[in-house]
Structure formats: C-alpha cells, structure tokens
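The file input.txt contains compact mmCIF, C-alpha atoms:
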# COMPACT_ATOMS: atom_id res chain seq x y z
CA MET A 1 7.37 -10.53 22.51
CA SER A 2 10.07 -12.16 20.40
CA VAL A 3 10.02 -10.58 16.97
CA GLU A 4 11.82 -12.16 14.02
CA ILE A 5 12.44 -10.29 10.75
CA SER A 6 13.61 -12.24 7.72
CA THR A 7 14.27 -11.39 4.09
CA ILE A 8 12.10 -13.56 1.86
CA VAL A 9 12.73 -11.89 -1.51
CA SER A 10 15.90 -9.89 -2.01
CA GLY A 11 16.26 -7.22 -4.64
CA ALA A 12 18.26 -4.06 -5.15
CA GLU A 13 17.13 -0.97 -7.05
CA ARG A 14 13.48 -1.86 -6.49
CA LEU A 15 10.55 0.35 -5.55
CA GLY A 16 8.62 -2.35 -3.76
CA GLU A 17 5.06 -1.41 -2.83
CA GLY A 18 1.40 -2.36 -2.90
CA ALA A 19 1.49 -5.55 -0.81
CA VAL A 20 -1.89 -7.27 -0.51
CA TRP A 21 -2.54 -10.73 0.92
CA ASP A 22 -5.25 -12.79 -0.74
CA THR A 23 -6.77 -15.26 1.72
CA GLU A 24 -8.36 -17.35 -1.03
CA ASP A 25 -5.22 -18.16 -3.00
CA GLN A 26 -2.89 -17.75 0.02
CA ARG A 27 -0.52 -15.53 -1.94
CA LEU A 28 1.06 -12.14 -1.35
CA TRP A 29 0.73 -9.84 -4.34
CA TRP A 30 3.01 -6.81 -4.56
CA VAL A 31 4.55 -4.50 -7.15
CA ASP A 32 7.78 -2.89 -8.28
CA ILE A 33 6.37 0.49 -9.29
CA THR A 34 9.09 1.96 -11.48
CA VAL A 35 9.66 -0.99 -13.82
CA GLY A 36 6.01 -2.05 -13.88
CA LEU A 37 6.39 -5.55 -12.43
CA ILE A 38 3.64 -7.34 -10.51
CA HIS A 39 4.90 -10.02 -8.13
CA CYS A 40 3.15 -12.99 -6.55
CA TYR A 41 4.86 -14.62 -3.56
CA ASN A 42 3.87 -18.15 -2.54
CA PRO A 43 4.97 -18.90 1.04
CA GLU A 44 4.41 -22.63 0.55
CA ASP A 45 7.29 -23.09 -1.88
CA LYS A 46 8.89 -19.66 -1.34
CA SER A 47 8.57 -18.83 -5.03
CA ASN A 48 8.09 -15.31 -6.34
CA GLN A 49 6.57 -15.02 -9.82
CA SER A 50 6.90 -11.76 -11.71
CA PHE A 51 4.58 -10.44 -14.40
CA ALA A 52 5.42 -7.47 -16.64
CA PHE A 53 2.60 -4.95 -16.94
CA GLY A 54 4.33 -2.63 -19.40
CA GLU A 55 4.18 0.64 -17.47
CA PRO A 56 4.64 1.86 -13.87
CA VAL A 57 2.15 0.16 -11.51
CA GLY A 58 1.14 1.84 -8.25
CA CYS A 59 -1.18 -0.69 -6.65
CA ILE A 60 -3.29 -3.77 -7.35
CA ALA A 61 -6.07 -5.88 -5.92
CA ARG A 62 -7.44 -9.33 -6.68
CA ARG A 63 -10.81 -9.46 -8.47
CA GLU A 64 -13.72 -11.72 -7.59
CA HIS A 65 -14.10 -12.39 -11.33
CA GLY A 66 -10.46 -13.43 -11.68
CA GLY A 67 -7.20 -11.63 -12.31
CA LEU A 68 -6.37 -8.21 -10.94
CA VAL A 69 -7.55 -4.64 -10.95
CA VAL A 70 -4.55 -2.37 -11.47
CA ALA A 71 -3.97 1.35 -10.88
CA ALA A 72 -1.07 2.29 -13.15
CA LYS A 73 0.53 5.21 -14.95
CA SER A 74 -2.32 5.37 -17.47
CA GLY A 75 -5.21 4.80 -15.07
CA PHE A 76 -7.27 1.78 -14.07
CA TRP A 77 -6.98 -1.60 -15.80
CA PHE A 78 -8.09 -5.19 -15.55
CA PHE A 79 -5.16 -7.59 -15.95
CA ASP A 80 -4.83 -11.36 -16.10
CA PRO A 81 -1.24 -12.18 -15.06
CA GLN A 82 -1.43 -15.71 -16.44
CA THR A 83 -2.44 -14.75 -19.99
CA GLY A 84 -1.17 -11.17 -20.09
CA GLN A 85 -4.59 -9.97 -21.23
CA LYS A 86 -5.29 -6.32 -20.35
CA ARG A 87 -8.44 -4.22 -20.50
CA HIS A 88 -8.33 -0.47 -19.92
CA ILE A 89 -11.10 0.92 -17.71
CA ILE A 90 -10.51 4.67 -17.37
CA ASP A 91 -7.72 7.22 -16.99
CA PRO A 92 -8.99 10.02 -14.72
CA GLU A 93 -5.82 12.07 -15.19
CA GLU A 94 -5.21 11.83 -18.89
CA ASP A 95 -4.62 15.59 -18.83
CA GLN A 96 -1.85 15.23 -16.21
CA PRO A 97 0.93 13.18 -17.83
CA GLU A 98 3.30 13.99 -14.93
CA ASN A 99 1.14 11.95 -12.55
CA ARG A 100 0.91 8.23 -11.83
CA PHE A 101 -1.04 6.11 -9.38
CA ASN A 102 0.53 5.17 -6.07
CA ASP A 103 -1.20 3.51 -3.08
CA GLY A 104 -4.57 1.75 -3.00
CA THR A 105 -6.87 -0.72 -1.26
CA VAL A 106 -10.33 -2.31 -1.48
CA ASP A 107 -13.14 -1.23 0.84
CA PRO A 108 -15.39 -3.72 2.71
CA ALA A 109 -18.02 -3.53 -0.06
CA GLY A 110 -15.51 -4.45 -2.77
CA ARG A 111 -14.77 -1.01 -4.22
CA PHE A 112 -11.21 -0.03 -5.18
CA TRP A 113 -9.64 3.12 -3.74
CA ALA A 114 -6.39 4.44 -5.24
CA GLY A 115 -4.45 7.70 -5.17
CA THR A 116 -2.20 9.58 -7.57
CA MET A 117 0.96 11.66 -7.24
CA LYS A 118 3.41 13.61 -9.37
CA ASP A 119 6.00 11.17 -10.69
CA GLY A 120 9.49 12.60 -10.15
CA GLY A 121 10.89 16.11 -10.29
CA GLU A 122 9.84 18.88 -7.93
CA PRO A 123 6.89 17.71 -5.79
CA LYS A 124 3.58 19.41 -6.46
CA GLN A 125 0.28 19.16 -4.64
CA GLN A 126 -1.63 17.64 -7.55
CA GLY A 127 -2.48 14.12 -6.41
CA LYS A 128 -6.00 12.86 -5.71
CA PHE A 129 -7.72 9.83 -4.24
CA TYR A 130 -10.21 8.07 -6.52
CA LEU A 131 -12.92 5.49 -5.85
CA LEU A 132 -13.59 2.92 -8.56
CA ASP A 133 -17.01 1.47 -7.81
CA THR A 134 -18.12 -2.04 -8.67
CA ASP A 135 -20.06 -0.68 -11.67
CA LEU A 136 -16.78 0.99 -12.76
CA LYS A 137 -18.15 4.46 -12.00
CA LEU A 138 -15.41 6.77 -10.77
CA THR A 139 -15.60 9.43 -8.06
CA GLU A 140 -12.84 11.50 -6.46
CA MET A 141 -12.04 12.93 -3.06
CA ASP A 142 -12.25 16.72 -3.05
CA LYS A 143 -8.74 17.37 -1.71
CA LEU A 144 -5.27 17.64 -3.27
CA PHE A 145 -2.17 15.82 -2.01
CA TYR A 146 1.55 15.62 -2.74
CA THR A 147 2.01 11.87 -2.25
CA THR A 148 -1.16 9.86 -1.69
CA ASN A 149 -0.60 6.94 0.62
CA GLY A 150 -1.69 4.91 3.62
CA LEU A 151 -5.16 3.75 2.52
CA ALA A 152 -6.74 1.31 4.98
CA PHE A 153 -10.06 0.60 6.71
CA SER A 154 -11.08 -0.09 10.29
CA PRO A 155 -12.29 -3.64 11.08
CA ASN A 156 -15.99 -2.69 10.84
CA GLY A 157 -15.41 -0.51 7.79
CA ASP A 158 -16.75 2.70 9.31
CA THR A 159 -13.40 4.53 9.18
CA ILE A 160 -11.05 5.15 6.26
CA TYR A 161 -7.40 6.10 6.78
CA PHE A 162 -5.17 7.87 4.25
CA SER A 163 -1.97 9.92 4.31
CA ASP A 164 0.39 12.26 2.51
CA SER A 165 4.05 11.21 2.65
CA ASN A 166 5.53 14.56 1.61
CA LYS A 167 7.87 16.14 4.16
CA LEU A 168 5.74 19.30 4.19
CA THR A 169 2.66 17.31 5.23
CA ARG A 170 3.62 13.87 6.66
CA THR A 171 0.15 13.41 8.15
CA ILE A 172 -2.30 10.50 8.44
CA TRP A 173 -5.99 11.40 8.38
CA SER A 174 -9.11 9.45 9.23
CA CYS A 175 -12.74 10.07 8.48
CA ASN A 176 -16.10 8.37 8.81
CA TYR A 177 -16.91 5.99 5.98
CA ASP A 178 -20.24 4.69 4.74
CA SER A 179 -19.58 1.23 3.30
CA ALA A 180 -23.05 1.14 1.75
CA THR A 181 -22.41 4.20 -0.42
CA GLY A 182 -18.63 4.77 -0.44
CA LEU A 183 -19.13 8.30 0.91
CA THR A 184 -16.58 9.81 3.28
CA GLY A 185 -17.11 12.25 6.12
CA ASN A 186 -14.94 15.19 7.10
CA ALA A 187 -11.26 14.29 7.47
CA LYS A 188 -9.46 14.86 10.76
CA THR A 189 -5.82 14.42 11.70
CA PHE A 190 -5.31 10.90 13.01
CA PHE A 191 -1.53 10.95 13.51
CA ASP A 192 1.10 13.62 12.89
CA THR A 193 4.28 11.71 12.01
CA ARG A 194 6.59 14.54 13.02
CA GLN A 195 6.70 12.80 16.40
CA VAL A 196 8.48 9.77 14.89
CA LYS A 197 11.48 9.26 12.60
CA GLY A 198 9.68 8.02 9.51
CA ARG A 199 7.25 9.70 7.15
CA PRO A 200 3.97 7.90 6.41
CA ASP A 201 4.05 5.41 3.57
CA GLY A 202 1.76 2.40 3.19
CA GLY A 203 -0.50 1.28 6.01
CA THR A 204 -2.74 -1.54 7.16
CA VAL A 205 -5.05 -2.21 10.10
CA ASP A 206 -4.94 -5.21 12.45
CA ALA A 207 -7.82 -7.16 13.97
CA GLU A 208 -7.77 -4.94 17.07
CA GLY A 209 -8.30 -1.84 14.95
CA CYS A 210 -4.75 -0.51 15.25
CA TYR A 211 -3.11 1.14 12.27
CA TRP A 212 0.34 -0.02 11.15
CA MET A 213 2.41 2.56 9.31
CA ALA A 214 5.61 2.05 7.33
CA GLY A 215 7.96 4.88 8.33
CA VAL A 216 9.79 5.61 5.09
CA ASN A 217 13.25 7.15 5.59
CA GLY A 218 13.00 6.26 9.27
CA TRP A 219 14.13 2.59 9.50
CA GLN A 220 10.96 1.86 11.48
CA ILE A 221 7.33 0.77 11.40
CA TYR A 222 4.71 1.87 13.92
CA ARG A 223 1.51 0.58 15.50
CA ILE A 224 -1.01 3.30 16.32
CA SER A 225 -4.20 2.85 18.35
CA PRO A 226 -7.63 3.77 16.93
CA GLU A 227 -7.40 6.88 19.11
CA GLY A 228 -4.15 7.95 17.43
CA GLU A 229 -1.77 6.93 20.25
CA LEU A 230 1.62 5.48 19.33
CA LEU A 231 1.69 2.00 20.87
CA PHE A 232 4.71 0.28 19.37
CA THR A 233 7.81 1.09 17.33
CA LEU A 234 9.78 -1.60 15.52
CA ASP A 235 13.20 -1.04 13.98
CA VAL A 236 13.50 -2.70 10.57
CA PRO A 237 16.63 -3.51 8.50
CA VAL A 238 15.89 -0.97 5.75
CA GLU A 239 15.79 2.80 5.66
CA LYS A 240 12.75 2.93 3.40
CA PRO A 241 10.01 0.47 4.41
CA THR A 242 6.96 1.09 2.24
CA LYS A 243 3.94 -1.16 2.79
CA PRO A 244 3.00 -3.50 5.67
CA MET A 245 0.42 -6.22 5.10
CA PHE A 246 -0.68 -9.06 7.35
CA GLY A 247 -0.75 -12.47 5.73
CA GLY A 248 -0.17 -16.17 6.24
CA LYS A 249 -2.73 -18.85 7.06
CA ASN A 250 -3.48 -17.21 10.41
CA LEU A 251 -2.91 -13.61 9.23
CA ASP A 252 -0.18 -13.32 11.85
CA ILE A 253 2.81 -12.59 9.59
CA LEU A 254 3.45 -8.95 8.74
CA TYR A 255 4.90 -8.71 5.25
CA LEU A 256 6.82 -5.55 4.41
CA THR A 257 7.98 -4.10 1.09
CA SER A 258 10.80 -1.59 0.73
CA ILE A 259 12.74 0.74 -1.57
CA GLY A 260 16.26 -0.12 -2.70
CA PHE A 261 17.48 3.15 -4.21
CA GLY A 262 17.94 6.77 -3.15
CA LEU A 263 19.38 5.59 0.15
CA THR A 264 21.32 7.83 2.49
CA GLU A 265 24.91 7.94 1.28
CA GLY A 266 27.09 5.60 3.28
CA SER A 267 24.18 3.53 4.58
CA GLU A 268 24.12 0.99 1.75
CA ALA A 269 26.33 -1.57 3.49
CA ASN A 270 24.01 -1.54 6.51
CA GLN A 271 20.97 -2.45 4.41
CA PRO A 272 22.04 -4.98 1.78
CA ASP A 273 18.46 -6.22 1.35
CA ALA A 274 16.93 -2.79 0.73
CA GLY A 275 14.33 -3.15 -2.00
CA GLY A 276 13.44 -6.61 -0.75
CA LEU A 277 10.36 -8.21 0.73
CA PHE A 278 10.41 -9.08 4.43
CA ALA A 279 8.37 -11.26 6.79
CA ILE A 280 7.93 -10.22 10.41
CA LYS A 281 6.82 -12.89 12.88
CA GLY A 282 6.11 -12.86 16.62
CA LEU A 283 4.18 -9.59 16.83
CA GLY A 284 1.35 -11.22 18.78
CA VAL A 285 -1.41 -9.69 16.66
CA THR A 286 -3.32 -10.71 13.55
CA GLY A 287 -4.50 -8.78 10.54
CA LEU A 288 -7.74 -8.47 8.60
CA ARG A 289 -8.94 -10.31 5.53
CA GLN A 290 -8.50 -8.08 2.47
CA PRO A 291 -11.64 -7.98 0.29
CA ARG A 292 -11.45 -8.64 -3.44
CA PHE A 293 -12.65 -6.06 -5.96
CA LYS A 294 -16.21 -6.90 -6.98
CA GLY A 295 -16.19 -5.03 -10.29

I'd like the structure from this file rewritten - as structure tokens, please.
Amino acid sequence: MSVEISTIVSGAERLGEGAVWDTEDQRLWWVDITVGLIHCYNPEDKSNQSFAFGEPVGCIARREHGGLVVAAKSGFWFFDPQTGQKRHIIDPEEDQPENRFNDGTVDPAGRFWAGTMKDGGEPKQQGKFYLLDTDLKLTEMDKLFYTTNGLAFSPNGDTIYFSDSNKLTRTIWSCNYDSATGLTGNAKTFFDTRQVKGRPDGGTVDAEGCYWMAGVNGWQIYRISPEGELLFTLDVPVEKPTKPMFGGKNLDILYLTSIGFGLTEGSEANQPDAGGLFAIKGLGVTGLRQPRFKG
C-alpha cells in the first residue's frame, strides 16, 4: 500500500467538519462550524466555493428536492446555497441556548440524523441525537451525550454507529437499525478509543463494512472491522482530524477535514495546514454512496 496525503484546501483557524460526498454532482460538501460557512469542493477544477449560512453549522446533507438540509445552532433548516434562500424546519432545543448541532448523516431510507452538544465552556452531558424523518417529523434517541459524533451506517443499513468525543467517554457504539422505520436497538460498545491516541470524531464506513474514525487530538485516523477490531492506523499531518469521507468518481479517495485552532502549544510549525481539507489516496478500499435527504 502506497498512501499519499495531500492538502487540497488550506485554511487556518477553521473548524472543518461535516464532509459529505454527493455522487450525483460529484462534489464534496463540508462546513466550517464556528463561522457558519458551507463549502463545496469541486475536484475537477479544484475550486472551493463558500456560502455563508449566518450562524454556526454542524452538519449538512444534499436534498433530493434540491439544495441542502442543515443542522445548525438554531435547529434544522432547508438552504439553497445558490440563492441564499432559507426555510426553518424545527429547533428541538430552543430551551437550551448553550447547545448547537454537531455531527450528522443520512440513513439508507433518506432520513437525516444529527446530534447536539454544549457549545463551549465546561462540557456537560446534555447533547442528544435526533432523527428528522422525510415527513419532517422529529424523534430523539433516549440517551444523553457530551459531544455527539461519529454517525455512520453499515453497507446494508442494519447497523448505526455513533460516538461521544469527550475525554470522559471517548467511545463508539453500534446498535441494530431498522431502515424501514428508523428505530434503533440497544446500543453496545463497538470500540473503546482509549486503546488509541485519538478520541472519536467523525466517522464513515467503507464498502467492506469497516468503520473509519478520525482520531482528534491524536494525529491519526483508524480503520476498524465490523467486529470492532483495529485493522489499520494512519498518521496524518494534523493533530485534530475531524471527519473522513470517501469520494471521487470511484469512491476511492478519503477526504478529511480538520481543526486549525486550539493546537498543542509548540506544534503549530509541524502542522501548517491544520484546519485544511485533505485527500488521501492509495488506501486500496472504496467507500459507500451517501444517500440524499428525501424530505
């Protein structure tokens, strides 16, 4: 295996997250959470368009009906990046102004999962995962988290993965998933990240059913088998990788977002592209098509 990691979008002081590859438009969509920017990277001409949303954005997904579904500081929205038109759907945590949305993904049936977390200050276990159905009905997972993260699905859609990045938890769970109803089974520990350097941030699943985890604060990403066995560790050029996502025409490029602030003192010179977007080639595996939101 000859792995090549390249910086494709540089950027300091960025909280890069939420990478999702759209196979229909052949673009990588991703966000800068803190400043509320939504980015669209085109690998054909290497351009990166940026769209201002107007508030912190945790995660996004493409919609079958056009535009994006967005999970932001003030809840769920529809957003058309080209026109700037926004439509608010619902804010499930209007009574918790300290919280914002963080990680999310779309399930095989076209529903949008997204999780919340306390935004800044002393961490508190007050985040939740929410499911926005295609009829815009909202349900929530009956469990509290510090930092919701790591949402992904197995290739056949019968398993959902999710994690908590907080240093007191740093665990990835899995549970049975019914794609027909959106109902989850009982969660079980899939991978305890205390055995590796990084804490669990964003995740994705490859075509062989293995889970890829960004090891934030660990300078690494990891490939984990469906049975929870660590198969592969890759050193990356940033301390805080945040979200891996397979893309490209053959879904064989692993894109990776990162954080460019709050770095370990003295490490800045060793990671000049922290906060940037990276492309990793030569891994020898391919990813899964990411569904669009059907609502």

CA of Glu17 (chain A) to CA of Gly58 (chain A): how many Å, to one decimal?
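We find that CA of Glu17 (chain A) and CA of Gly58 (chain A) lie 7.4 Å from each other.
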
Tell me, in Å to one decimal, how far CA of Thr23 (chain A) is from CA of Thr286 (chain A).
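If I compute the distance from CA of Thr23 (chain A) to CA of Thr286 (chain A), I get 13.1 Å.
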
Using all atoms listed in the file, the shortest atom-to-atom distance to Lys240 (chain A) among A:Ala114, A:Ala279, A:Ile221, A:Ala180 belongs to A:Ile221

Go through region 29-123 of chain A and flag each residue having an atom no more than 12 Å from region 202-208 of chain A; for those, report the closest pair of atoms plus their distance in Å to one decimal, using all atoms listed in the file, ordered by chain and rising number, as JSON lines.
{"residue": "A:Gly58", "atom": "CA", "partner": "A:Gly202", "partner_atom": "CA", "distance": 11.5}
{"residue": "A:Cys59", "atom": "CA", "partner": "A:Gly202", "partner_atom": "CA", "distance": 10.7}
{"residue": "A:Asn102", "atom": "CA", "partner": "A:Gly202", "partner_atom": "CA", "distance": 9.7}
{"residue": "A:Asp103", "atom": "CA", "partner": "A:Gly202", "partner_atom": "CA", "distance": 7.0}
{"residue": "A:Gly104", "atom": "CA", "partner": "A:Gly202", "partner_atom": "CA", "distance": 8.9}
{"residue": "A:Thr105", "atom": "CA", "partner": "A:Thr204", "partner_atom": "CA", "distance": 9.4}
{"residue": "A:Val106", "atom": "CA", "partner": "A:Thr204", "partner_atom": "CA", "distance": 11.5}
{"residue": "A:Ala114", "atom": "CA", "partner": "A:Gly202", "partner_atom": "CA", "distance": 11.9}
{"residue": "A:Gly115", "atom": "CA", "partner": "A:Gly202", "partner_atom": "CA", "distance": 11.7}

Report, as lines of an AutoDock Vina configuration file, the centre and edge lengths in Å (one decimal) of the axis-aligned box enclosing every listed atom of region 184-202 of chain A, padded by 4 Å on each side.
center_x = -2.8
center_y = 8.8
center_z = 9.8
size_x = 36.6
size_y = 20.8
size_z = 21.2

If you measure from CA of Leu251 (chain A) to CA of Ala12 (chain A), what distance in Å do you get, rounded to one decimal?
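Taking CA of Leu251 (chain A) and CA of Ala12 (chain A), their separation equals 27.3 Å.
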